[in-house]
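So this block is start.cif, mmCIF, C-alpha atoms:
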```
data_final
loop_
_atom_site.label_atom_id
_atom_site.label_comp_id
_atom_site.auth_asym_id
_atom_site.auth_seq_id
_atom_site.Cartn_x
_atom_site.Cartn_y
_atom_site.Cartn_z
CA MET A 1 -5.30 -36.35 -2.72
CA TYR A 2 -4.03 -38.42 0.19
CA ASN A 3 -1.86 -41.52 -0.05
CA LYS A 4 -2.05 -44.47 2.30
CA THR A 5 0.71 -46.95 3.04
CA LYS A 6 2.23 -48.99 5.86
CA LEU A 7 5.64 -49.19 7.43
CA SER A 8 7.34 -52.58 7.62
CA ASN A 9 5.99 -53.11 11.16
CA GLY A 10 2.36 -52.29 10.30
CA ILE A 11 2.06 -48.64 11.32
CA ARG A 12 -0.43 -47.03 8.95
CA ILE A 13 0.77 -43.84 7.25
CA ILE A 14 -1.48 -41.23 5.63
CA THR A 15 0.23 -38.45 3.66
CA GLU A 16 -0.98 -35.59 1.53
CA ASN A 17 1.27 -33.13 -0.25
CA ILE A 18 -0.02 -29.55 -0.47
CA PRO A 19 2.78 -27.70 -2.26
CA TYR A 20 1.35 -24.20 -1.96
CA VAL A 21 1.62 -24.03 1.87
CA ASN A 22 4.72 -23.54 4.03
CA SER A 23 3.64 -25.68 6.96
CA ILE A 24 3.25 -29.34 7.86
CA SER A 25 0.85 -30.88 10.37
CA ILE A 26 1.78 -34.29 11.73
CA GLY A 27 -0.32 -36.38 14.10
CA LEU A 28 0.50 -39.63 15.85
CA TRP A 29 -2.82 -41.35 16.57
CA VAL A 30 -3.23 -44.19 19.09
CA GLU A 31 -6.38 -46.23 19.60
CA SER A 32 -6.33 -45.68 23.34
CA GLY A 33 -9.00 -43.86 25.30
CA SER A 34 -11.28 -44.01 28.29
CA ARG A 35 -13.59 -46.64 26.81
CA TYR A 36 -10.72 -49.14 27.07
CA GLU A 37 -10.31 -48.47 30.79
CA ASN A 38 -12.11 -49.65 33.91
CA LYS A 39 -13.03 -47.98 37.19
CA ASP A 40 -9.66 -48.89 38.72
CA ASN A 41 -7.41 -47.39 36.01
CA ASN A 42 -9.84 -44.73 34.76
CA GLY A 43 -7.85 -41.78 33.44
CA VAL A 44 -4.71 -43.74 32.52
CA SER A 45 -5.00 -42.97 28.78
CA HIS A 46 -5.09 -39.24 29.47
CA PHE A 47 -2.32 -39.62 32.08
CA ILE A 48 -0.02 -41.24 29.51
CA GLU A 49 -0.75 -38.36 27.13
CA HIS A 50 0.63 -36.04 29.83
CA ILE A 51 3.56 -38.11 30.99
CA LEU A 52 5.08 -38.55 27.53
CA PHE A 53 5.80 -34.80 27.57
CA LYS A 54 7.73 -35.08 30.87
CA GLY A 55 11.10 -36.12 29.55
CA THR A 56 12.94 -38.80 27.61
CA LYS A 57 16.41 -40.30 27.78
CA ASN A 58 17.48 -37.60 25.32
CA ARG A 59 15.36 -34.57 26.22
CA THR A 60 13.98 -32.95 29.33
CA ALA A 61 10.40 -31.68 29.35
CA ARG A 62 11.81 -28.20 28.85
CA ASP A 63 13.89 -29.36 25.88
CA ILE A 64 10.78 -30.72 24.17
CA ALA A 65 8.92 -27.44 24.62
CA GLU A 66 11.85 -25.19 23.72
CA GLN A 67 12.88 -27.08 20.59
CA ILE A 68 9.40 -26.69 19.12
CA ASP A 69 8.99 -23.10 20.31
CA SER A 70 12.39 -22.09 18.94
CA VAL A 71 11.28 -22.78 15.36
CA GLY A 72 7.81 -21.24 15.76
CA GLY A 73 6.04 -24.59 15.90
CA GLN A 74 3.01 -25.69 17.86
CA MET A 75 2.80 -28.97 19.76
CA ASN A 76 0.03 -30.49 21.84
CA ALA A 77 -2.01 -33.63 22.45
CA PHE A 78 -5.51 -34.72 23.42
CA THR A 79 -7.30 -37.80 24.64
CA SER A 80 -10.88 -38.77 23.82
CA LYS A 81 -13.02 -41.78 24.65
CA GLU A 82 -11.57 -43.82 21.78
CA CYS A 83 -8.21 -42.33 20.81
CA THR A 84 -5.18 -40.27 21.82
CA CYS A 85 -3.36 -37.93 19.44
CA PHE A 86 0.02 -36.18 19.68
CA TYR A 87 0.38 -33.49 17.04
CA ILE A 88 2.81 -30.86 15.81
CA LYS A 89 2.34 -28.05 13.30
CA ILE A 90 5.65 -26.72 12.04
CA LEU A 91 7.33 -25.04 9.07
CA ASP A 92 8.06 -27.54 6.31
CA ASN A 93 11.85 -27.26 6.66
CA HIS A 94 11.64 -28.50 10.28
CA ILE A 95 9.67 -31.71 9.67
CA ASP A 96 12.65 -33.89 10.63
CA LEU A 97 12.71 -32.24 14.07
CA ALA A 98 8.98 -32.93 14.55
CA ILE A 99 9.36 -36.59 13.64
CA ASP A 100 12.42 -36.98 15.88
CA ILE A 101 10.64 -35.50 18.89
CA LEU A 102 7.56 -37.69 18.42
CA GLN A 103 9.60 -40.88 18.11
CA ASP A 104 11.73 -39.86 21.11
CA MET A 105 8.63 -39.36 23.26
CA LEU A 106 7.16 -42.65 22.08
CA PHE A 107 10.26 -44.83 22.51
CA ASN A 108 12.39 -43.12 25.14
CA SER A 109 10.06 -41.58 27.72
CA THR A 110 11.43 -42.29 31.20
CA PHE A 111 8.13 -42.54 33.14
CA ASP A 112 10.07 -41.02 36.02
CA THR A 113 8.45 -41.77 39.38
CA ASN A 114 8.85 -38.20 40.62
CA GLU A 115 7.29 -36.83 37.42
CA ILE A 116 4.39 -39.29 37.75
CA GLU A 117 3.64 -38.07 41.27
CA LYS A 118 3.87 -34.41 40.19
CA GLU A 119 1.61 -35.04 37.22
CA LYS A 120 -0.99 -36.66 39.48
CA ASN A 121 -1.29 -33.31 41.24
CA VAL A 122 -1.52 -31.48 37.90
CA ILE A 123 -4.34 -33.72 36.67
CA ILE A 124 -6.20 -33.52 39.97
CA GLU A 125 -6.06 -29.73 39.60
CA GLU A 126 -7.39 -30.18 36.06
CA ILE A 127 -10.27 -32.21 37.52
CA ASN A 128 -10.85 -29.46 40.12
CA MET A 129 -10.93 -26.84 37.37
CA TYR A 130 -13.39 -28.99 35.47
CA GLU A 131 -15.58 -29.33 38.56
CA ASP A 132 -15.84 -25.53 38.64
CA ALA A 133 -17.31 -25.53 35.12
CA PRO A 134 -20.92 -26.78 35.37
CA GLU A 135 -21.40 -26.65 31.59
CA GLU A 136 -18.61 -29.23 31.32
CA ILE A 137 -19.83 -31.36 34.23
CA VAL A 138 -23.30 -31.79 32.76
CA HIS A 139 -21.94 -33.39 29.57
CA ASP A 140 -20.06 -36.00 31.61
CA LEU A 141 -23.18 -36.59 33.66
CA LEU A 142 -25.08 -37.20 30.44
CA SER A 143 -22.51 -39.81 29.33
CA ASN A 144 -22.88 -41.37 32.75
CA THR A 145 -26.63 -41.74 32.42
CA VAL A 146 -26.75 -42.65 28.69
CA PHE A 147 -23.99 -45.26 28.97
CA LYS A 148 -24.74 -46.37 32.49
CA LYS A 149 -22.16 -48.94 33.76
CA HIS A 150 -20.59 -49.13 30.28
CA PRO A 151 -16.94 -48.06 29.67
CA LEU A 152 -18.17 -45.15 27.52
CA SER A 153 -19.62 -43.66 30.71
CA LEU A 154 -16.15 -43.21 32.23
CA PRO A 155 -14.76 -39.65 32.29
CA ILE A 156 -11.67 -39.06 30.15
CA LEU A 157 -9.80 -37.35 33.00
CA GLY A 158 -10.57 -40.12 35.48
CA ASN A 159 -11.43 -39.17 39.04
CA LYS A 160 -9.34 -38.13 42.01
CA GLU A 161 -9.29 -41.62 43.52
CA SER A 162 -8.35 -43.45 40.30
CA ILE A 163 -5.60 -40.91 39.50
CA THR A 164 -4.18 -41.06 43.03
CA ASN A 165 -4.02 -44.85 42.86
CA LEU A 166 -2.20 -45.06 39.51
CA THR A 167 1.21 -46.73 39.83
CA LYS A 168 4.18 -46.66 37.50
CA GLU A 169 3.72 -50.38 36.84
CA LEU A 170 0.04 -49.99 35.96
CA ILE A 171 0.80 -47.05 33.64
CA ILE A 172 3.59 -48.90 31.82
CA ASP A 173 1.50 -52.09 31.50
CA TYR A 174 -1.31 -50.11 29.86
CA PHE A 175 1.19 -48.28 27.64
CA LYS A 176 2.74 -51.53 26.43
CA LYS A 177 -0.69 -53.03 25.71
CA TYR A 178 -2.08 -50.19 23.59
CA TYR A 179 0.97 -48.39 22.21
CA ILE A 180 1.85 -50.96 19.59
CA PRO A 181 2.44 -50.52 15.83
CA GLU A 182 -0.84 -52.16 14.83
CA ASN A 183 -2.74 -49.68 17.00
CA ILE A 184 -1.19 -46.53 15.54
CA VAL A 185 -1.71 -44.21 12.57
CA ILE A 186 0.59 -41.35 11.57
CA SER A 187 -1.00 -38.69 9.38
CA ILE A 188 1.01 -35.89 7.72
CA VAL A 189 -0.39 -33.07 5.61
CA GLY A 190 1.44 -30.09 4.13
CA ASN A 191 4.34 -29.18 1.88
CA ILE A 192 6.13 -32.54 1.93
CA ASP A 193 8.23 -34.79 -0.25
CA GLU A 194 6.21 -37.95 0.33
CA GLN A 195 8.96 -40.40 -0.68
CA ASN A 196 11.50 -38.79 1.64
CA ILE A 197 8.94 -38.60 4.45
CA LEU A 198 8.23 -42.33 4.19
CA LYS A 199 11.96 -43.10 4.35
CA THR A 200 12.32 -40.90 7.43
CA LEU A 201 9.31 -42.50 9.11
CA GLU A 202 10.61 -45.99 8.34
CA LYS A 203 13.98 -45.06 9.84
CA ASN A 204 12.43 -43.59 12.99
CA PHE A 205 9.41 -45.83 13.58
CA GLY A 206 9.99 -48.93 11.45
CA VAL A 207 12.45 -50.43 13.96
CA TRP A 208 9.59 -50.79 16.44
CA LYS A 209 8.81 -54.48 16.71
CA SER A 210 5.37 -55.62 15.68
CA ASN A 211 3.20 -58.06 17.58
CA LYS A 212 2.21 -59.49 14.18
CA LYS A 213 -1.45 -59.09 15.03
CA LYS A 214 -3.69 -56.15 15.80
CA LEU A 215 -4.76 -55.64 19.38
CA THR A 216 -8.26 -57.02 19.77
CA ASN A 217 -10.48 -54.46 21.46
CA LYS A 218 -13.66 -56.40 22.05
CA LEU A 219 -16.34 -53.75 22.02
CA VAL A 220 -19.63 -54.40 23.77
CA SER A 221 -22.25 -51.96 22.55
CA PRO A 222 -24.23 -50.19 25.29
CA THR A 223 -27.98 -50.47 25.71
CA ILE A 224 -29.49 -47.00 25.94
CA LYS A 225 -32.55 -46.57 28.13
CA ARG A 226 -34.26 -43.62 29.79
CA ASN A 227 -32.46 -42.34 32.88
CA ILE A 228 -32.20 -39.08 34.78
CA ILE A 229 -29.23 -37.83 36.78
CA TYR A 230 -28.39 -34.52 38.41
CA LYS A 231 -25.77 -32.77 40.49
CA ASP A 232 -26.85 -30.21 43.04
CA LYS A 233 -24.54 -27.21 42.69
CA ASP A 234 -24.89 -23.60 43.76
CA THR A 235 -24.92 -21.91 40.35
CA GLU A 236 -26.77 -18.95 38.88
CA GLN A 237 -27.77 -20.95 35.81
CA LEU A 238 -29.21 -24.41 35.44
CA HIS A 239 -27.30 -26.53 32.92
CA LEU A 240 -29.49 -29.06 31.16
CA CYS A 241 -28.41 -31.85 28.82
CA LEU A 242 -30.69 -34.25 26.98
CA GLY A 243 -29.34 -37.35 25.29
CA LEU A 244 -30.86 -39.52 22.56
CA GLU A 245 -29.30 -42.50 20.85
CA GLY A 246 -27.37 -41.30 17.81
CA LEU A 247 -25.40 -43.01 15.04
CA LYS A 248 -22.07 -44.80 14.94
CA GLN A 249 -19.20 -43.26 12.97
CA SER A 250 -19.53 -45.55 9.97
CA SER A 251 -23.30 -45.14 9.56
CA LYS A 252 -24.48 -44.50 6.01
CA ASN A 253 -26.75 -41.79 7.40
CA ILE A 254 -24.08 -39.77 9.21
CA TYR A 255 -24.40 -36.80 6.83
CA SER A 256 -28.17 -36.88 7.09
CA LEU A 257 -27.75 -36.57 10.86
CA LEU A 258 -25.41 -33.59 10.40
CA VAL A 259 -27.88 -31.87 8.08
CA LEU A 260 -30.68 -32.53 10.56
CA ASN A 261 -28.57 -31.17 13.41
CA ASN A 262 -27.87 -27.90 11.57
CA ILE A 263 -31.59 -27.27 11.20
CA PHE A 264 -32.60 -28.45 14.66
CA GLY A 265 -30.02 -26.90 17.00
CA GLY A 266 -26.53 -26.93 15.52
CA SER A 267 -26.20 -23.32 14.45
CA MET A 268 -27.32 -19.74 15.19
CA SER A 269 -29.96 -20.04 12.48
CA SER A 270 -31.32 -23.32 13.91
CA ARG A 271 -34.87 -23.71 15.14
CA LEU A 272 -33.95 -24.09 18.80
CA PHE A 273 -31.60 -21.09 18.87
CA GLN A 274 -33.98 -18.82 17.01
CA LYS A 275 -37.02 -19.73 19.09
CA VAL A 276 -35.49 -20.02 22.58
CA ARG A 277 -32.87 -17.26 22.47
CA GLU A 278 -33.80 -14.88 19.68
CA ASP A 279 -37.61 -14.94 19.86
CA LEU A 280 -38.23 -15.57 23.58
CA GLY A 281 -34.88 -14.62 25.17
CA ILE A 282 -35.16 -17.30 27.86
CA ALA A 283 -31.72 -18.90 27.46
CA TYR A 284 -28.29 -17.56 26.64
CA SER A 285 -26.93 -20.81 25.25
CA ILE A 286 -28.83 -23.60 23.54
CA TYR A 287 -27.49 -26.01 20.94
CA SER A 288 -27.40 -29.62 19.80
CA TYR A 289 -24.64 -31.84 18.45
CA PRO A 290 -23.98 -35.50 17.59
CA SER A 291 -21.17 -37.56 19.15
CA THR A 292 -20.18 -40.66 17.19
CA TYR A 293 -18.25 -43.72 18.33
CA LYS A 294 -17.19 -46.95 16.66
CA ASP A 295 -20.39 -48.79 17.53
CA THR A 296 -22.86 -46.22 18.85
CA GLY A 297 -23.52 -42.51 19.27
CA ILE A 298 -25.38 -39.81 21.18
CA PHE A 299 -27.42 -36.87 20.01
CA THR A 300 -27.10 -34.18 22.68
CA ILE A 301 -29.23 -31.10 23.34
CA TYR A 302 -27.83 -28.54 25.78
CA ALA A 303 -29.38 -25.45 27.37
CA GLY A 304 -27.99 -23.02 29.94
CA LEU A 305 -30.88 -21.14 31.52
CA ASN A 306 -32.47 -19.60 34.56
CA PRO A 307 -34.12 -22.44 36.56
CA LYS A 308 -37.48 -20.66 36.34
CA HIS A 309 -37.44 -21.22 32.56
CA LEU A 310 -36.70 -24.96 32.75
CA VAL A 311 -40.27 -26.08 32.10
CA ASP A 312 -40.80 -23.62 29.24
CA VAL A 313 -37.55 -24.53 27.48
CA SER A 314 -38.16 -28.24 27.97
CA LYS A 315 -41.60 -27.95 26.40
CA ILE A 316 -40.16 -26.05 23.42
CA ILE A 317 -37.54 -28.76 22.86
CA ILE A 318 -40.16 -31.50 22.97
CA ASP A 319 -42.50 -29.53 20.71
CA GLU A 320 -39.70 -29.11 18.14
CA ILE A 321 -38.93 -32.83 18.26
CA LYS A 322 -42.59 -33.66 17.78
CA GLU A 323 -42.83 -31.15 14.94
CA ILE A 324 -39.97 -32.63 12.93
CA LYS A 325 -41.25 -36.14 13.59
CA ALA A 326 -44.64 -35.13 12.20
CA ASN A 327 -43.68 -32.80 9.38
CA ILE A 328 -39.90 -33.26 8.82
CA PHE A 329 -38.24 -30.24 7.11
CA SER A 330 -38.94 -28.21 4.01
CA GLU A 331 -36.83 -28.65 0.88
CA GLU A 332 -35.51 -25.11 1.37
CA GLU A 333 -34.33 -25.86 4.93
CA ILE A 334 -32.60 -29.04 3.79
CA PHE A 335 -30.90 -27.24 0.88
CA LYS A 336 -29.61 -24.43 3.12
CA SER A 337 -28.33 -26.90 5.71
CA LYS A 338 -26.50 -28.92 3.07
CA GLU A 339 -24.87 -25.76 1.70
CA GLN A 340 -23.84 -24.77 5.23
CA LEU A 341 -22.34 -28.21 5.85
CA LYS A 342 -20.44 -28.17 2.55
CA GLY A 343 -19.20 -24.64 3.19
CA ASN A 344 -17.87 -25.51 6.65
CA PHE A 345 -16.20 -28.63 5.28
CA ILE A 346 -14.56 -26.88 2.32
CA LEU A 347 -13.25 -24.06 4.54
CA GLY A 348 -11.77 -26.71 6.83
CA LEU A 349 -9.85 -28.18 3.90
CA GLU A 350 -7.76 -25.01 3.81
CA ASN A 351 -6.25 -25.93 7.20
CA THR A 352 -3.51 -28.60 7.22
CA SER A 353 -4.33 -29.46 10.84
CA SER A 354 -7.98 -30.13 10.01
CA ARG A 355 -7.06 -32.38 7.10
CA MET A 356 -4.50 -34.23 9.20
CA SER A 357 -7.05 -34.79 11.96
CA SER A 358 -9.77 -35.96 9.59
CA TYR A 359 -7.47 -38.48 7.86
CA GLY A 360 -5.86 -39.76 11.05
CA LYS A 361 -9.04 -40.28 13.04
CA SER A 362 -10.94 -41.84 10.14
CA GLU A 363 -8.20 -44.35 9.40
CA LEU A 364 -7.63 -45.19 13.06
CA LEU A 365 -11.25 -45.79 14.03
CA ASN A 366 -12.90 -46.75 10.73
CA SER A 367 -9.99 -48.07 8.62
CA LYS A 368 -11.49 -45.93 5.87
CA ILE A 369 -10.97 -42.41 4.58
CA GLU A 370 -13.42 -40.51 2.40
CA THR A 371 -11.99 -38.13 -0.18
CA PRO A 372 -13.32 -34.55 -0.21
CA ASN A 373 -15.29 -35.32 -3.37
CA GLU A 374 -16.84 -38.39 -1.75
CA ILE A 375 -17.87 -36.32 1.27
CA ILE A 376 -19.42 -33.59 -0.90
CA ASN A 377 -21.28 -36.26 -2.90
CA SER A 378 -22.57 -37.85 0.30
CA ILE A 379 -23.87 -34.49 1.52
CA ASN A 380 -25.53 -33.83 -1.84
CA LYS A 381 -27.35 -37.17 -1.60
CA VAL A 382 -29.05 -36.26 1.68
CA ASN A 383 -32.80 -35.98 1.14
CA LYS A 384 -36.09 -36.10 3.02
CA SER A 385 -36.12 -39.89 2.95
CA SER A 386 -32.67 -40.29 4.54
CA ILE A 387 -33.45 -37.59 7.13
CA ARG A 388 -36.73 -39.33 7.93
CA GLU A 389 -34.79 -42.53 8.62
CA VAL A 390 -32.52 -40.68 11.05
CA ILE A 391 -35.45 -39.02 12.79
CA ASP A 392 -37.23 -42.35 13.24
CA ASN A 393 -34.08 -43.96 14.69
CA THR A 394 -32.87 -41.05 16.82
CA PHE A 395 -35.74 -38.98 18.17
CA ASP A 396 -37.24 -41.61 20.46
CA ILE A 397 -38.55 -39.47 23.32
CA ASP A 398 -39.38 -42.56 25.40
CA ASN A 399 -35.63 -43.25 25.71
CA ILE A 400 -34.47 -39.68 26.27
CA ASN A 401 -31.86 -39.25 28.98
CA ILE A 402 -31.80 -36.19 31.22
CA ALA A 403 -28.86 -34.66 33.10
CA TYR A 404 -28.72 -31.31 34.85
CA VAL A 405 -26.39 -29.36 37.10
CA GLY A 406 -27.59 -26.53 39.33
CA ARG A 407 -30.02 -25.89 42.13
CA LEU A 408 -33.75 -26.42 41.91
CA ASP A 409 -36.02 -25.47 44.78
CA ASN A 410 -38.96 -27.39 43.37
CA LYS A 411 -38.80 -30.86 44.95
CA ASN A 412 -41.16 -32.26 42.31
CA ILE A 413 -39.01 -31.17 39.38
CA LYS A 414 -37.68 -34.66 38.65
CA SER A 415 -41.14 -36.13 38.10
CA GLU A 416 -42.17 -32.97 36.22
CA LEU A 417 -39.23 -33.33 33.84
CA ILE A 418 -40.03 -36.98 33.23
CA ASN A 419 -43.63 -36.05 32.46
CA ILE A 420 -42.53 -33.37 29.99
CA TYR A 421 -40.19 -35.70 28.14
CA LYS A 422 -42.83 -38.18 27.09
CA LYS A 423 -44.42 -38.80 23.74
#
```
In structure tokens, what does this structure look like?
Amino acid sequence: MYNKTKLSNGIRIITENIPYVNSISIGLWVESGSRYENKDNNGVSHFIEHILFKGTKNRTARDIAEQIDSVGGQMNAFTSKECTCFYIKILDNHIDLAIDILQDMLFNSTFDTNEIEKEKNVIIEEINMYEDAPEEIVHDLLSNTVFKKHPLSLPILGNKESITNLTKELIIDYFKKYYIPENIVISIVGNIDEQNILKTLEKNFGVWKSNKKKLTNKLVSPTIKRNIIYKDKDTEQLHLCLGLEGLKQSSKNIYSLLVLNNIFGGSMSSRLFQKVREDLGIAYSIYSYPSTYKDTGIFTIYAGLNPKHLVDVSKIIIDEIKEIKANIFSEEEIFKSKEQLKGNFILGLENTSSRMSSYGKSELLNSKIETPNEIINSINKVNKSSIREVIDNTFDIDNINIAYVGRLDNKNIKSELINIYKK
């Protein structure tokens, strides 16, 4: 069972003691991501994630890496559209080292001008690598069309122009705005002495001055309408993404959506996978998944296929959507999907990193954490009625968004796709 408290300056702390493991996972979560950027500073959240590893007043970049490696630990970070997380997994007797390194990076990073310029080149190479992966590109294109002209449409990495134009002053200004106690959660799971951990955290992070009020991120929810976007690229496969309006993170029907997704396209036993790949063999990869944000969400369907099968696969997807809208699912399908969801969740509880991530993200973005029992109970409550509500709200074919990457010789394909994806 987790415990939730606050340091004297307002940093939220989530701890859970698991005495039968020998490791500890600690994550420092910041409500900073690409949706809080604009076209001029796009990519700055991800850039800060990188630059905090590039040296402090007390440690070089090599020192940071070597000190974690030398005790067999693992350290990394990631940036999403709504948050950034720095995390360490380490043996329980080295937790003080993990905390010291995180606070050193947070408070003492030098933002060295030479390192900033070098890291620009690194991130531009990351963008180049990404551009060589059409399956990745198409998901960003989908965000671009679903969230057209909204901050959620911005790519997490930024673009070459916005990264090149980042200045030290701009980076530090953004850092000072979002990296504040009220905007941070620290989650720790593993073999810990919770009282001692809180004292150590207070000593290391409690001295950070509070602004006395939480940063106000005024969120404007996007309006999702039908759009189509594509990128012509010389690839063997065509990469297709379809986007429907999903659910926000705090929706009461989030588990109904997850159950629905398992049946529709979220697993190897799903309808889409079985029909398109196993029965017909006309696509190597086809799947669906929900993405949830604080105030909205997307339900995405992806297929990687030979361009000659585009029409056939598209018709199958639409037929499956129409089928579940007309006839929903059987009780047996719903039961199996719920058991699958519970099984995946329970297996994840055996991993300290998974628990740390679940607690940290939930508290940061929702200010609420569900216990494992509450989650299992919520899954058990999913029924035909709640799934029907999700279907009615999500599977609106008239507002389906289409993105694809590849090369199509048929000049009429755009209008053909639009005609397929109609009620």
Evaluate the PyMOL selection byres ((chain A and resi 147) around 10) on the structure here and hand back the selected residues as a PDB file with C-alpha atoms, in the frame of the given file.
```pdb
ATOM      1  CA  LEU A 141     -23.180 -36.590  33.660  1.00  0.00           C
ATOM      2  CA  LEU A 142     -25.080 -37.200  30.440  1.00  0.00           C
ATOM      3  CA  SER A 143     -22.510 -39.810  29.330  1.00  0.00           C
ATOM      4  CA  ASN A 144     -22.880 -41.370  32.750  1.00  0.00           C
ATOM      5  CA  THR A 145     -26.630 -41.740  32.420  1.00  0.00           C
ATOM      6  CA  VAL A 146     -26.750 -42.650  28.690  1.00  0.00           C
ATOM      7  CA  LYS A 148     -24.740 -46.370  32.490  1.00  0.00           C
ATOM      8  CA  LYS A 149     -22.160 -48.940  33.760  1.00  0.00           C
ATOM      9  CA  HIS A 150     -20.590 -49.130  30.280  1.00  0.00           C
ATOM     10  CA  PRO A 151     -16.940 -48.060  29.670  1.00  0.00           C
ATOM     11  CA  LEU A 152     -18.170 -45.150  27.520  1.00  0.00           C
ATOM     12  CA  SER A 153     -19.620 -43.660  30.710  1.00  0.00           C
ATOM     13  CA  LEU A 154     -16.150 -43.210  32.230  1.00  0.00           C
ATOM     14  CA  SER A 221     -22.250 -51.960  22.550  1.00  0.00           C
ATOM     15  CA  PRO A 222     -24.230 -50.190  25.290  1.00  0.00           C
ATOM     16  CA  THR A 223     -27.980 -50.470  25.710  1.00  0.00           C
ATOM     17  CA  ILE A 224     -29.490 -47.000  25.940  1.00  0.00           C
ATOM     18  CA  LYS A 225     -32.550 -46.570  28.130  1.00  0.00           C
ATOM     19  CA  ASN A 227     -32.460 -42.340  32.880  1.00  0.00           C
ATOM     20  CA  ILE A 298     -25.380 -39.810  21.180  1.00  0.00           C
ATOM     21  CA  ASN A 401     -31.860 -39.250  28.980  1.00  0.00           C
TER      22      ASN A 401
END
```
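Closest to Met105 in chain A among A:Thr60, A:Ser23, A:Ser251, A:Asn327 is A:Thr60, based on only C-alpha atoms.
Here the PyMOL selection byres ((chain A and resi 282) around 12) captures the residues Gln237, Leu238, Leu272, Phe273, Gln274, Lys275, Val276, Arg277, Glu278, Asp279, Leu280, Gly281, Ala283, Tyr284, Ser285, Ile286, Ala303, Gly304, Leu305, Asn306, Pro307, Lys308, His309, Leu310, Val311, Asp312, Val313, Ser314 and Ile316 of chain A.
Excluding Ile68 in chain A itself and any same-chain residue fewer than 3 positions from it, the protein and nucleic acid residues within 10 Å of it, counting all atoms listed in the file, are Asp63, Ile64, Ala65, Val71, Gly72, Gly73, Gln74, Met75, Ile88, Lys89, Ile90, His94, Leu97, Ala98 and Ile101 of chain A.
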For the residues selected in the previous step, produce a file with C-alpha atoms as an mmCIF file, in the coordinates of the input.
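Below is the file that was written, part-v8.cif:
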```cif
data_model
loop_
_atom_site.group_PDB
_atom_site.id
_atom_site.type_symbol
_atom_site.label_atom_id
_atom_site.label_comp_id
_atom_site.auth_asym_id
_atom_site.auth_seq_id
_atom_site.Cartn_x
_atom_site.Cartn_y
_atom_site.Cartn_z
ATOM 1 C CA ASP A 63 13.890 -29.360 25.880
ATOM 2 C CA ILE A 64 10.780 -30.720 24.170
ATOM 3 C CA ALA A 65 8.920 -27.440 24.620
ATOM 4 C CA VAL A 71 11.280 -22.780 15.360
ATOM 5 C CA GLY A 72 7.810 -21.240 15.760
ATOM 6 C CA GLY A 73 6.040 -24.590 15.900
ATOM 7 C CA GLN A 74 3.010 -25.690 17.860
ATOM 8 C CA MET A 75 2.800 -28.970 19.760
ATOM 9 C CA ILE A 88 2.810 -30.860 15.810
ATOM 10 C CA LYS A 89 2.340 -28.050 13.300
ATOM 11 C CA ILE A 90 5.650 -26.720 12.040
ATOM 12 C CA HIS A 94 11.640 -28.500 10.280
ATOM 13 C CA LEU A 97 12.710 -32.240 14.070
ATOM 14 C CA ALA A 98 8.980 -32.930 14.550
ATOM 15 C CA ILE A 101 10.640 -35.500 18.890
#
```
Exercise. Write out as a list in words each polymer residue whose atoms come within 8 Å of Lys168 in chain A, counting all atoms listed in the file; drop sequence neighbours fewer than 2 positions from it.
Key: Phe111, Thr113, Ile116, Leu166, Leu170, Ile171 and Ile172 of chain A
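The closest residue to Val185 in chain A, picked from A:Ser256, A:Ser367, A:Asn108, A:Asn261 and counting only C-alpha atoms, is A:Ser367.
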